[in-house]
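*Asks:* My structure is in model_31.pdb, and what it holds is PDB, C-alpha atoms and all ligand atoms:
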```pdb
ATOM      1  CA  MET A 926      63.946 155.437-109.830  1.00  0.00           C
ATOM      2  CA  THR A 927      65.000 151.904-110.668  1.00  0.00           C
ATOM      3  CA  THR A 928      62.412 149.313-111.523  1.00  0.00           C
ATOM      4  CA  ALA A 929      63.231 147.548-108.267  1.00  0.00           C
ATOM      5  CA  ASP A 930      62.679 150.766-106.256  1.00  0.00           C
ATOM      6  CA  TRP A 931      59.458 151.464-108.118  1.00  0.00           C
ATOM      7  CA  LEU A 932      58.167 147.951-107.411  1.00  0.00           C
ATOM      8  CA  ARG A 933      59.134 148.293-103.738  1.00  0.00           C
ATOM      9  CA  SER A 934      57.181 151.562-103.542  1.00  0.00           C
ATOM     10  CA  LEU A 935      53.942 149.946-104.681  1.00  0.00           C
ATOM     11  CA  PRO A 936      51.665 149.108-101.727  1.00  0.00           C
ATOM     12  CA  ALA A 937      51.074 145.432-100.976  1.00  0.00           C
ATOM     13  CA  LEU A 938      48.727 143.616 -98.596  1.00  0.00           C
ATOM     14  CA  THR A 939      46.499 146.682 -98.363  1.00  0.00           C
ATOM     15  CA  GLY A 940      43.221 144.813 -97.957  1.00  0.00           C
ATOM     16  CA  GLN A 941      41.170 144.395 -94.820  1.00  0.00           C
ATOM     17  CA  ALA A 942      41.402 140.936 -93.235  1.00  0.00           C
ATOM     18  CA  PRO A 943      38.095 139.707 -91.832  1.00  0.00           C
ATOM     19  CA  PRO A 944      38.081 137.867 -88.480  1.00  0.00           C
ATOM     20  CA  LEU A 945      38.848 134.173 -88.873  1.00  0.00           C
ATOM     21  CA  GLY A 946      35.918 133.127 -86.713  1.00  0.00           C
ATOM     22  CA  ALA A 947      35.816 130.424 -84.105  1.00  0.00           C
ATOM     23  CA  GLY A 948      36.299 126.796 -85.052  1.00  0.00           C
ATOM     24  CA  LEU A 949      37.681 125.400 -88.269  1.00  0.00           C
ATOM     25  CA  PRO A 950      35.998 122.644 -90.288  1.00  0.00           C
ATOM     26  CA  ALA A 951      37.573 119.189 -90.470  1.00  0.00           C
ATOM     27  CA  GLU A 952      37.774 119.271 -94.288  1.00  0.00           C
ATOM     28  CA  PRO A 953      39.452 121.929 -96.439  1.00  0.00           C
ATOM     29  CA  HIS A 954      36.683 122.222 -99.025  1.00  0.00           C
ATOM     30  CA  ALA A 955      34.319 123.416 -96.255  1.00  0.00           C
ATOM     31  CA  LEU A 956      36.708 126.197 -95.212  1.00  0.00           C
ATOM     32  CA  PHE A 957      37.311 127.081 -98.873  1.00  0.00           C
ATOM     33  CA  LEU A 958      33.565 127.467 -99.506  1.00  0.00           C
ATOM     34  CA  ALA A 959      33.217 129.640 -96.389  1.00  0.00           C
ATOM     35  CA  TRP A 960      36.091 131.879 -97.544  1.00  0.00           C
ATOM     36  CA  LEU A 961      34.747 131.997-101.106  1.00  0.00           C
ATOM     37  CA  ARG A 962      31.339 133.073 -99.813  1.00  0.00           C
ATOM     38  CA  GLN A 963      32.999 135.818 -97.736  1.00  0.00           C
ATOM     39  CA  ALA A 964      34.911 136.946-100.832  1.00  0.00           C
ATOM     40  CA  VAL A 965      31.660 137.145-102.826  1.00  0.00           C
ATOM     41  CA  ASP A 966      29.924 139.016 -99.995  1.00  0.00           C
ATOM     42  CA  ALA A 967      32.862 141.440 -99.794  1.00  0.00           C
ATOM     43  CA  GLY A 968      32.502 142.197-103.507  1.00  0.00           C
ATOM     44  CA  VAL A 969      35.770 140.583-104.622  1.00  0.00           C
ATOM     45  CA  ALA A 970      35.715 140.605-108.429  1.00  0.00           C
ATOM     46  CA  GLU A 971      35.627 137.134-110.000  1.00  0.00           C
ATOM     47  CA  PRO A 972      36.730 135.291-106.849  1.00  0.00           C
ATOM     48  CA  HIS A 973      36.345 131.965-108.670  1.00  0.00           C
ATOM     49  CA  ALA A 974      39.237 132.851-111.036  1.00  0.00           C
ATOM     50  CA  ALA A 975      42.507 131.161-110.109  1.00  0.00           C
ATOM     51  CA  THR A 976      45.983 130.405-111.406  1.00  0.00           C
ATOM     52  CA  LEU A 977      46.462 126.784-112.432  1.00  0.00           C
ATOM     53  CA  ALA A 978      50.034 125.465-112.487  1.00  0.00           C
ATOM     54  CA  THR A 979      51.030 122.304-114.349  1.00  0.00           C
ATOM     55  CA  ILE A 980      54.284 120.669-115.481  1.00  0.00           C
ATOM     56  CA  ASP A 981      55.305 120.243-119.095  1.00  0.00           C
ATOM     57  CA  PRO A 982      56.907 117.034-120.440  1.00  0.00           C
ATOM     58  CA  ASP A 983      60.413 118.503-119.833  1.00  0.00           C
ATOM     59  CA  GLY A 984      59.575 119.176-116.172  1.00  0.00           C
ATOM     60  CA  LEU A 985      59.191 122.946-116.617  1.00  0.00           C
ATOM     61  CA  PRO A 986      56.286 124.517-114.726  1.00  0.00           C
ATOM     62  CA  ASP A 987      53.579 126.406-116.586  1.00  0.00           C
ATOM     63  CA  ALA A 988      50.646 128.477-115.313  1.00  0.00           C
ATOM     64  CA  ARG A 989      47.542 130.224-116.547  1.00  0.00           C
ATOM     65  CA  THR A 990      44.339 131.779-115.207  1.00  0.00           C
ATOM     66  CA  LEU A 991      41.069 129.883-115.319  1.00  0.00           C
ATOM     67  CA  ILE A 992      37.682 129.569-113.681  1.00  0.00           C
ATOM     68  CA  LEU A 993      36.826 127.182-110.871  1.00  0.00           C
ATOM     69  CA  LYS A 994      33.968 124.865-111.888  1.00  0.00           C
ATOM     70  CA  ASP A 995      33.101 123.000-108.692  1.00  0.00           C
ATOM     71  CA  VAL A 996      34.357 122.209-105.187  1.00  0.00           C
ATOM     72  CA  ASP A 997      33.324 119.429-102.840  1.00  0.00           C
ATOM     73  CA  ALA A 998      34.833 116.525-100.900  1.00  0.00           C
ATOM     74  CA  ARG A 999      36.209 115.161-104.219  1.00  0.00           C
ATOM     75  CA  GLY A1000      38.338 118.257-104.745  1.00  0.00           C
ATOM     76  CA  TRP A1001      38.532 121.346-106.970  1.00  0.00           C
ATOM     77  CA  ALA A1002      37.278 121.130-110.601  1.00  0.00           C
ATOM     78  CA  PHE A1003      38.380 123.104-113.645  1.00  0.00           C
ATOM     79  CA  ALA A1004      37.851 122.638-117.383  1.00  0.00           C
ATOM     80  CA  GLY A1005      39.480 123.298-120.723  1.00  0.00           C
ATOM     81  CA  ARG A1006      40.345 121.778-124.084  1.00  0.00           C
ATOM     82  CA  ARG A1007      42.174 118.485-124.240  1.00  0.00           C
ATOM     83  CA  SER A1008      44.118 119.874-127.228  1.00  0.00           C
ATOM     84  CA  SER A1009      45.386 122.816-125.130  1.00  0.00           C
ATOM     85  CA  ARG A1010      48.863 123.103-123.664  1.00  0.00           C
ATOM     86  CA  LYS A1011      47.466 122.278-120.217  1.00  0.00           C
ATOM     87  CA  GLY A1012      45.638 119.248-121.648  1.00  0.00           C
ATOM     88  CA  ALA A1013      48.872 117.885-123.138  1.00  0.00           C
ATOM     89  CA  GLN A1014      50.767 118.593-119.913  1.00  0.00           C
ATOM     90  CA  LEU A1015      48.153 116.887-117.737  1.00  0.00           C
ATOM     91  CA  ALA A1016      48.206 113.834-120.007  1.00  0.00           C
ATOM     92  CA  VAL A1017      51.921 113.373-119.212  1.00  0.00           C
ATOM     93  CA  HIS A1018      51.995 114.659-115.615  1.00  0.00           C
ATOM     94  CA  PRO A1019      48.518 114.396-114.026  1.00  0.00           C
ATOM     95  CA  VAL A1020      49.335 116.768-111.170  1.00  0.00           C
ATOM     96  CA  ALA A1021      48.540 120.448-110.620  1.00  0.00           C
ATOM     97  CA  ALA A1022      48.350 123.346-108.203  1.00  0.00           C
ATOM     98  CA  LEU A1023      45.674 126.012-108.027  1.00  0.00           C
ATOM     99  CA  ASP A1024      46.135 129.425-106.404  1.00  0.00           C
ATOM    100  CA  PHE A1025      43.455 131.951-105.472  1.00  0.00           C
ATOM    101  CA  TRP A1026      44.230 135.549-104.370  1.00  0.00           C
ATOM    102  CA  TRP A1027      41.441 137.632-102.861  1.00  0.00           C
ATOM    103  CA  GLN A1028      43.171 141.010-102.537  1.00  0.00           C
ATOM    104  CA  PRO A1029      40.472 142.981-100.654  1.00  0.00           C
ATOM    105  CA  LEU A1030      40.499 140.317 -97.922  1.00  0.00           C
ATOM    106  CA  VAL A1031      44.298 139.737 -97.925  1.00  0.00           C
ATOM    107  CA  ARG A1032      43.563 136.045 -98.392  1.00  0.00           C
ATOM    108  CA  ALA A1033      45.062 133.383-100.612  1.00  0.00           C
ATOM    109  CA  VAL A1034      44.325 129.693-100.972  1.00  0.00           C
ATOM    110  CA  ARG A1035      46.692 127.115-102.467  1.00  0.00           C
ATOM    111  CA  VAL A1036      45.603 123.639-103.512  1.00  0.00           C
ATOM    112  CA  ARG A1037      47.916 120.918-104.868  1.00  0.00           C
ATOM    113  CA  GLY A1038      47.507 117.284-105.728  1.00  0.00           C
ATOM    114  CA  ALA A1039      46.899 114.631-108.344  1.00  0.00           C
ATOM    115  CA  VAL A1040      44.584 115.382-111.264  1.00  0.00           C
ATOM    116  CA  ARG A1041      41.820 113.032-112.352  1.00  0.00           C
ATOM    117  CA  GLU A1042      39.738 113.419-115.494  1.00  0.00           C
ATOM    118  CA  ALA A1043      35.967 113.572-114.937  1.00  0.00           C
ATOM    119  CA  SER A1044      33.651 111.136-116.712  1.00  0.00           C
ATOM    120  CA  PRO A1045      32.777 111.946-120.359  1.00  0.00           C
ATOM    121  CA  ALA A1046      29.217 112.727-119.211  1.00  0.00           C
ATOM    122  CA  GLU A1047      30.463 115.241-116.618  1.00  0.00           C
ATOM    123  CA  SER A1048      32.777 116.899-119.148  1.00  0.00           C
ATOM    124  CA  ALA A1049      29.922 117.080-121.676  1.00  0.00           C
ATOM    125  CA  ALA A1050      27.662 118.658-119.041  1.00  0.00           C
ATOM    126  CA  ASP A1051      30.355 121.235-118.270  1.00  0.00           C
ATOM    127  CA  LEU A1052      30.544 122.177-121.956  1.00  0.00           C
ATOM    128  CA  THR A1053      26.747 122.345-122.251  1.00  0.00           C
ATOM    129  CA  ALA A1054      26.621 124.761-119.309  1.00  0.00           C
ATOM    130  CA  ARG A1055      28.878 127.263-121.123  1.00  0.00           C
ATOM    131  CA  PHE A1056      27.516 130.219-123.104  1.00  0.00           C
ATOM    132  CA  ALA A1057      26.596 129.207-126.646  1.00  0.00           C
ATOM    133  CA  VAL A1058      29.317 131.399-128.141  1.00  0.00           C
ATOM    134  CA  ALA A1059      31.932 129.760-125.891  1.00  0.00           C
ATOM    135  CA  ARG A1060      30.821 126.301-127.053  1.00  0.00           C
ATOM    136  CA  GLU A1061      31.207 127.000-130.762  1.00  0.00           C
ATOM    137  CA  GLY A1062      33.647 124.680-132.487  1.00  0.00           C
ATOM    138  CA  ILE A1063      34.727 122.943-129.292  1.00  0.00           C
ATOM    139  CA  ASP A1064      34.688 119.155-129.427  1.00  0.00           C
ATOM    140  CA  ASP A1065      37.394 118.213-126.926  1.00  0.00           C
ATOM    141  CA  TRP A1066      36.240 119.886-123.679  1.00  0.00           C
ATOM    142  CA  VAL A1067      37.374 118.146-120.498  1.00  0.00           C
ATOM    143  CA  ARG A1068      36.633 118.668-116.847  1.00  0.00           C
ATOM    144  CA  TRP A1069      39.439 117.737-114.467  1.00  0.00           C
ATOM    145  CA  TRP A1070      39.461 117.362-110.676  1.00  0.00           C
ATOM    146  CA  ILE A1071      42.420 118.193-108.477  1.00  0.00           C
ATOM    147  CA  GLU A1072      42.346 115.660-105.649  1.00  0.00           C
ATOM    148  CA  PRO A1073      44.215 117.692-103.049  1.00  0.00           C
ATOM    149  CA  GLN A1074      47.076 116.403-100.943  1.00  0.00           C
ATOM    150  CA  ARG A1075      47.671 119.789 -99.335  1.00  0.00           C
ATOM    151  CA  VAL A1076      45.509 122.889 -99.040  1.00  0.00           C
ATOM    152  CA  GLU A1077      46.873 126.087 -97.533  1.00  0.00           C
ATOM    153  CA  PHE A1078      44.737 129.019 -96.391  1.00  0.00           C
ATOM    154  CA  TRP A1079      46.775 132.196 -95.978  1.00  0.00           C
ATOM    155  CA  GLN A1080      45.449 135.181 -94.106  1.00  0.00           C
ATOM    156  CA  GLY A1081      47.672 138.226 -94.412  1.00  0.00           C
ATOM    157  CA  SER A1082      48.068 140.687 -91.568  1.00  0.00           C
ATOM    158  CA  PRO A1083      49.161 144.362 -91.650  1.00  0.00           C
ATOM    159  CA  ASP A1084      51.774 143.624 -88.928  1.00  0.00           C
ATOM    160  CA  ARG A1085      53.155 140.871 -91.210  1.00  0.00           C
ATOM    161  CA  ARG A1086      52.284 138.198 -88.635  1.00  0.00           C
ATOM    162  CA  HIS A1087      50.477 136.217 -91.278  1.00  0.00           C
ATOM    163  CA  HIS A1088      48.306 133.261 -90.412  1.00  0.00           C
ATOM    164  CA  ARG A1089      48.506 129.969 -92.298  1.00  0.00           C
ATOM    165  CA  ILE A1090      46.061 127.103 -91.945  1.00  0.00           C
ATOM    166  CA  VAL A1091      47.295 123.919 -93.626  1.00  0.00           C
ATOM    167  CA  TYR A1092      45.347 120.737 -94.313  1.00  0.00           C
ATOM    168  CA  LEU A1093      47.384 117.636 -95.211  1.00  0.00           C
ATOM    169  CA  ARG A1094      45.736 114.458 -96.439  1.00  0.00           C
ATOM    170  CA  THR A1095      46.850 111.237 -94.778  1.00  0.00           C
ATOM    171  CA  SER A1096      45.237 107.863 -94.267  1.00  0.00           C
ATOM    172  CA  ASP A1097      44.288 106.270 -90.974  1.00  0.00           C
ATOM    173  CA  GLU A1098      45.232 102.733 -89.896  1.00  0.00           C
ATOM    174  CA  ARG A1099      42.344 101.308 -91.969  1.00  0.00           C
ATOM    175  CA  GLY A1100      43.457 103.205 -95.073  1.00  0.00           C
ATOM    176  CA  ALA A1101      40.620 105.726 -94.957  1.00  0.00           C
ATOM    177  CA  ASP A1102      41.385 109.340 -95.914  1.00  0.00           C
ATOM    178  CA  ARG A1103      41.923 111.728 -93.051  1.00  0.00           C
ATOM    179  CA  TRP A1104      42.886 115.411 -92.908  1.00  0.00           C
ATOM    180  CA  ILE A1105      45.498 116.713 -90.486  1.00  0.00           C
ATOM    181  CA  ARG A1106      45.199 120.428 -89.812  1.00  0.00           C
ATOM    182  CA  SER A1107      47.931 122.692 -88.524  1.00  0.00           C
ATOM    183  CA  GLU A1108      48.281 126.430 -87.990  1.00  0.00           C
ATOM    184  CA  GLU A1109      51.283 128.733 -88.193  1.00  0.00           C
ATOM    185  CA  ARG A1110      51.726 132.419 -87.478  1.00  0.00           C
ATOM    186  CA  GLY A1111      54.476 134.729 -88.605  1.00  0.00           C
TER     187      GLY A1111
HETATM  188  C1  LIG A1201      39.583 135.169-116.103  1.00  0.00           C
HETATM  189  C2  LIG A1201      39.999 134.073-117.047  1.00  0.00           C
HETATM  190  C3  LIG A1201      39.263 132.895-117.056  1.00  0.00           C
HETATM  191  C4  LIG A1201      39.638 131.840-117.899  1.00  0.00           C
HETATM  192  N1  LIG A1201      38.947 130.661-117.830  1.00  0.00           N
HETATM  193  C5  LIG A1201      39.382 129.587-118.515  1.00  0.00           C
HETATM  194  C6  LIG A1201      38.790 128.295-118.316  1.00  0.00           C
HETATM  195  O1  LIG A1201      37.869 128.091-117.505  1.00  0.00           O
HETATM  196  N2  LIG A1201      39.296 127.281-119.048  1.00  0.00           N
HETATM  197  C7  LIG A1201      40.327 127.434-119.931  1.00  0.00           C
HETATM  198  O2  LIG A1201      40.725 126.450-120.552  1.00  0.00           O
HETATM  199  N3  LIG A1201      40.912 128.634-120.135  1.00  0.00           N
HETATM  200  C8  LIG A1201      40.484 129.709-119.431  1.00  0.00           C
HETATM  201  N4  LIG A1201      41.094 130.929-119.602  1.00  0.00           N
HETATM  202  C9  LIG A1201      42.197 131.060-120.594  1.00  0.00           C
HETATM  203  C10 LIG A1201      43.500 130.525-119.981  1.00  0.00           C
HETATM  204  O3  LIG A1201      44.097 131.506-119.139  1.00  0.00           O
HETATM  205  C11 LIG A1201      44.542 130.089-121.038  1.00  0.00           C
HETATM  206  O4  LIG A1201      44.854 131.184-121.855  1.00  0.00           O
HETATM  207  C12 LIG A1201      44.041 128.943-121.906  1.00  0.00           C
HETATM  208  O5  LIG A1201      43.375 127.975-121.113  1.00  0.00           O
HETATM  209  C13 LIG A1201      45.216 128.274-122.638  1.00  0.00           C
HETATM  210  O6  LIG A1201      46.130 127.835-121.653  1.00  0.00           O
HETATM  211  P1  LIG A1201      47.175 126.646-121.984  1.00  0.00           P
HETATM  212  O7  LIG A1201      47.841 127.027-123.266  1.00  0.00           O
HETATM  213  O8  LIG A1201      48.127 126.647-120.836  1.00  0.00           O
HETATM  214  O9  LIG A1201      46.372 125.367-122.070  1.00  0.00           O
HETATM  215  C14 LIG A1201      40.733 132.000-118.776  1.00  0.00           C
HETATM  216  C15 LIG A1201      41.471 133.194-118.757  1.00  0.00           C
HETATM  217  C16 LIG A1201      41.113 134.203-117.902  1.00  0.00           C
HETATM  218  C17 LIG A1201      41.938 135.465-117.868  1.00  0.00           C
END
```
Would you mind writing the file's structure down as structure tokens?
Ligand SMILES: Cc1cc2nc3c(=O)[nH]c(=O)nc-3n(C[C@H](O)[C@H](O)[C@H](O)COP(=O)(O)O)c2cc1C
*Replies:*
Amino acid sequence: MTTADWLRSLPALTGQAPPLGAGLPAEPHALFLAWLRQAVDAGVAEPHAATLATIDPDGLPDARTLILKDVDARGWAFAGRRSSRKGAQLAVHPVAALDFWWQPLVRAVRVRGAVREASPAESAADLTARFAVAREGIDDWVRWWIEPQRVEFWQGSPDRRHHRIVYLRTSDERGADRWIRSEERG
């Protein structure tokens, strides 16, 4: 069997999609928190782990796994060392994407947008909240916020008629932030 045949033989999208429920919230962080809660209730292992993609100074993408630190109307927060590869990349290109995959629920969430560094006090509080052993020797811990421009909620379906709910940030005539929501199937 070739590697390609072997990969094709592995099952994919084998989870059980929960019903979407009636009515969608106006803001993506509210839907994200509802989905995250459902993932926790369904026993998804470490549902707050995600893949963070950034861009290096040459324009090449990079990605790694990390833990989500907070979510609210401001966006999605993560943390790490300023001296890390991601820290150097974010200093040059303050943009990122975050991807969650909750296999048992056949659900994925994608978030992309500009990245803003939290205040020094918020970063210090994030470090303080870590286990003592994880704090040892760390003096350059930073919390960052992704301020999303686009958030996509993907609900897989066994018949491959997948459902996508997309929130796009725009501004109204007075310049205030507003979310436009659309849905696609197929
Ligand atoms: C489940 C899991 C959680 C992780 N959580 C974090 C985290 O919250 N912050 C972090 O900087 N690295 C975390 N890491 C390590 C990163 O994947 C990565 O190795 C590290 O941040 C260095 O990445 P960089 O060289 O791209 O900066 C985690 C790794 C795994 C597998």
*Asks:* Within 10 Å of ligand LIG 1201 (chain A) (counting all atoms listed in the file), which residues show up? I'd like them as JSON, numbers by chain.
*Replies:* {"A": [971, 972, 973, 974, 975, 976, 977, 978, 979, 981, 987, 988, 989, 990, 991, 992, 993, 994, 1002, 1003, 1004, 1005, 1006, 1007, 1008, 1009, 1010, 1011, 1012, 1013, 1014, 1015, 1055, 1066, 1067, 1068]}
*Asks:* For the residues in the current selection, export C-alpha atoms as an mmCIF file, in the frame of the given file.
*Replies:*
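Below is the file that was written, part.cif:
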```
data_model
loop_
_atom_site.group_PDB
_atom_site.id
_atom_site.type_symbol
_atom_site.label_atom_id
_atom_site.label_comp_id
_atom_site.auth_asym_id
_atom_site.auth_seq_id
_atom_site.Cartn_x
_atom_site.Cartn_y
_atom_site.Cartn_z
ATOM 1 C CA GLU A 971 35.627 137.134 -110.000
ATOM 2 C CA PRO A 972 36.730 135.291 -106.849
ATOM 3 C CA HIS A 973 36.345 131.965 -108.670
ATOM 4 C CA ALA A 974 39.237 132.851 -111.036
ATOM 5 C CA ALA A 975 42.507 131.161 -110.109
ATOM 6 C CA THR A 976 45.983 130.405 -111.406
ATOM 7 C CA LEU A 977 46.462 126.784 -112.432
ATOM 8 C CA ALA A 978 50.034 125.465 -112.487
ATOM 9 C CA THR A 979 51.030 122.304 -114.349
ATOM 10 C CA ASP A 981 55.305 120.243 -119.095
ATOM 11 C CA ASP A 987 53.579 126.406 -116.586
ATOM 12 C CA ALA A 988 50.646 128.477 -115.313
ATOM 13 C CA ARG A 989 47.542 130.224 -116.547
ATOM 14 C CA THR A 990 44.339 131.779 -115.207
ATOM 15 C CA LEU A 991 41.069 129.883 -115.319
ATOM 16 C CA ILE A 992 37.682 129.569 -113.681
ATOM 17 C CA LEU A 993 36.826 127.182 -110.871
ATOM 18 C CA LYS A 994 33.968 124.865 -111.888
ATOM 19 C CA ALA A 1002 37.278 121.130 -110.601
ATOM 20 C CA PHE A 1003 38.380 123.104 -113.645
ATOM 21 C CA ALA A 1004 37.851 122.638 -117.383
ATOM 22 C CA GLY A 1005 39.480 123.298 -120.723
ATOM 23 C CA ARG A 1006 40.345 121.778 -124.084
ATOM 24 C CA ARG A 1007 42.174 118.485 -124.240
ATOM 25 C CA SER A 1008 44.118 119.874 -127.228
ATOM 26 C CA SER A 1009 45.386 122.816 -125.130
ATOM 27 C CA ARG A 1010 48.863 123.103 -123.664
ATOM 28 C CA LYS A 1011 47.466 122.278 -120.217
ATOM 29 C CA GLY A 1012 45.638 119.248 -121.648
ATOM 30 C CA ALA A 1013 48.872 117.885 -123.138
ATOM 31 C CA GLN A 1014 50.767 118.593 -119.913
ATOM 32 C CA LEU A 1015 48.153 116.887 -117.737
ATOM 33 C CA ARG A 1055 28.878 127.263 -121.123
ATOM 34 C CA TRP A 1066 36.240 119.886 -123.679
ATOM 35 C CA VAL A 1067 37.374 118.146 -120.498
ATOM 36 C CA ARG A 1068 36.633 118.668 -116.847
#
```
*Asks:* Run the PyMOL selection byres (((chain A and resi 951-955) around 9) and not hetatm) mentally over the shown coordinates, then write out the matched residues as a ChimeraX atom specification, using the chain letters and numbers from the document.
*Replies:* /A:949-950,956-960,996-1001,1075-1078,1091-1092,1103-1106
*Asks:* Could you tell me how far atom CA of Ser934 of chain A lies from atom CA of Glu1109 of chain A, in Å and to one decimal?
*Replies:* 28.1 Å
*Asks:* By how many Å are atom CA of Asp1097 of chain A and atom CA of Leu945 of chain A apart?
*Replies:*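 Distance reported for this atom pair: 28.5 Å.
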*Asks:* Kindly give the distance, in Å, that separates atom CA of Val1036 of chain A and atom CA of Ser1107 of chain A, rounded to a single decimal.
*Replies:* 15.2 Å
*Asks:* Around (44.7, 112.7, -97.1), as given in the file, which residues come within 7 Å? Count all atoms listed in the file and list them as a tab-separated table (two decimals) with C-alpha atoms, in the frame of the given file.
*Replies:*
```tsv
chain	number	residue	atom	x	y	z
A	1074	GLN	CA	47.08	116.40	-100.94
A	1093	LEU	CA	47.38	117.64	-95.21
A	1094	ARG	CA	45.74	114.46	-96.44
A	1095	THR	CA	46.85	111.24	-94.78
A	1096	SER	CA	45.24	107.86	-94.27
A	1102	ASP	CA	41.38	109.34	-95.91
A	1103	ARG	CA	41.92	111.73	-93.05
A	1104	TRP	CA	42.89	115.41	-92.91
```
*Asks:* For Ser1044 of chain A, which residue among A:Gly968, A:Trp1069, A:Arg1060, A:Gly984 is the nearest when counting all atoms listed in the file?
*Replies:*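 For Ser1044 of chain A, the nearest of the given residues is A:Trp1069.
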*Asks:* With the file shown as input, list the residues that the PyMOL selection byres (((chain A and resi 1021) around 8) and not hetatm) selects, as a PyMOL selection string.
*Replies:* chain A and resi 977-980+1015+1019-1020+1022-1023+1037-1040+1071
*Asks:* Taking the file above as input, evaluate the PyMOL selection byres (((chain A and resi 942) around 6) and not hetatm) and report the hits as a list in words.
*Replies:* Gln941, Pro943, Leu1030 and Val1031 of chain A
*Asks:* Which of these residues is nearest to Val1034 of chain A, using all atoms listed in the file: A:Ala967, A:Ser1048, A:Gly1081, A:Thr1053?
*Replies:*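 Checking each candidate against Val1034 of chain A, we get A:Gly1081 as the closest.
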*Asks:* Within 10 Å of (48.2, 136.1, -88.0) in the file's own coordinates, which protein, DNA or RNA residues have an atom, counting all atoms listed in the file? List them as a PyMOL selection string.
*Replies:* chain A and resi 942+945+1079-1089+1108-1111
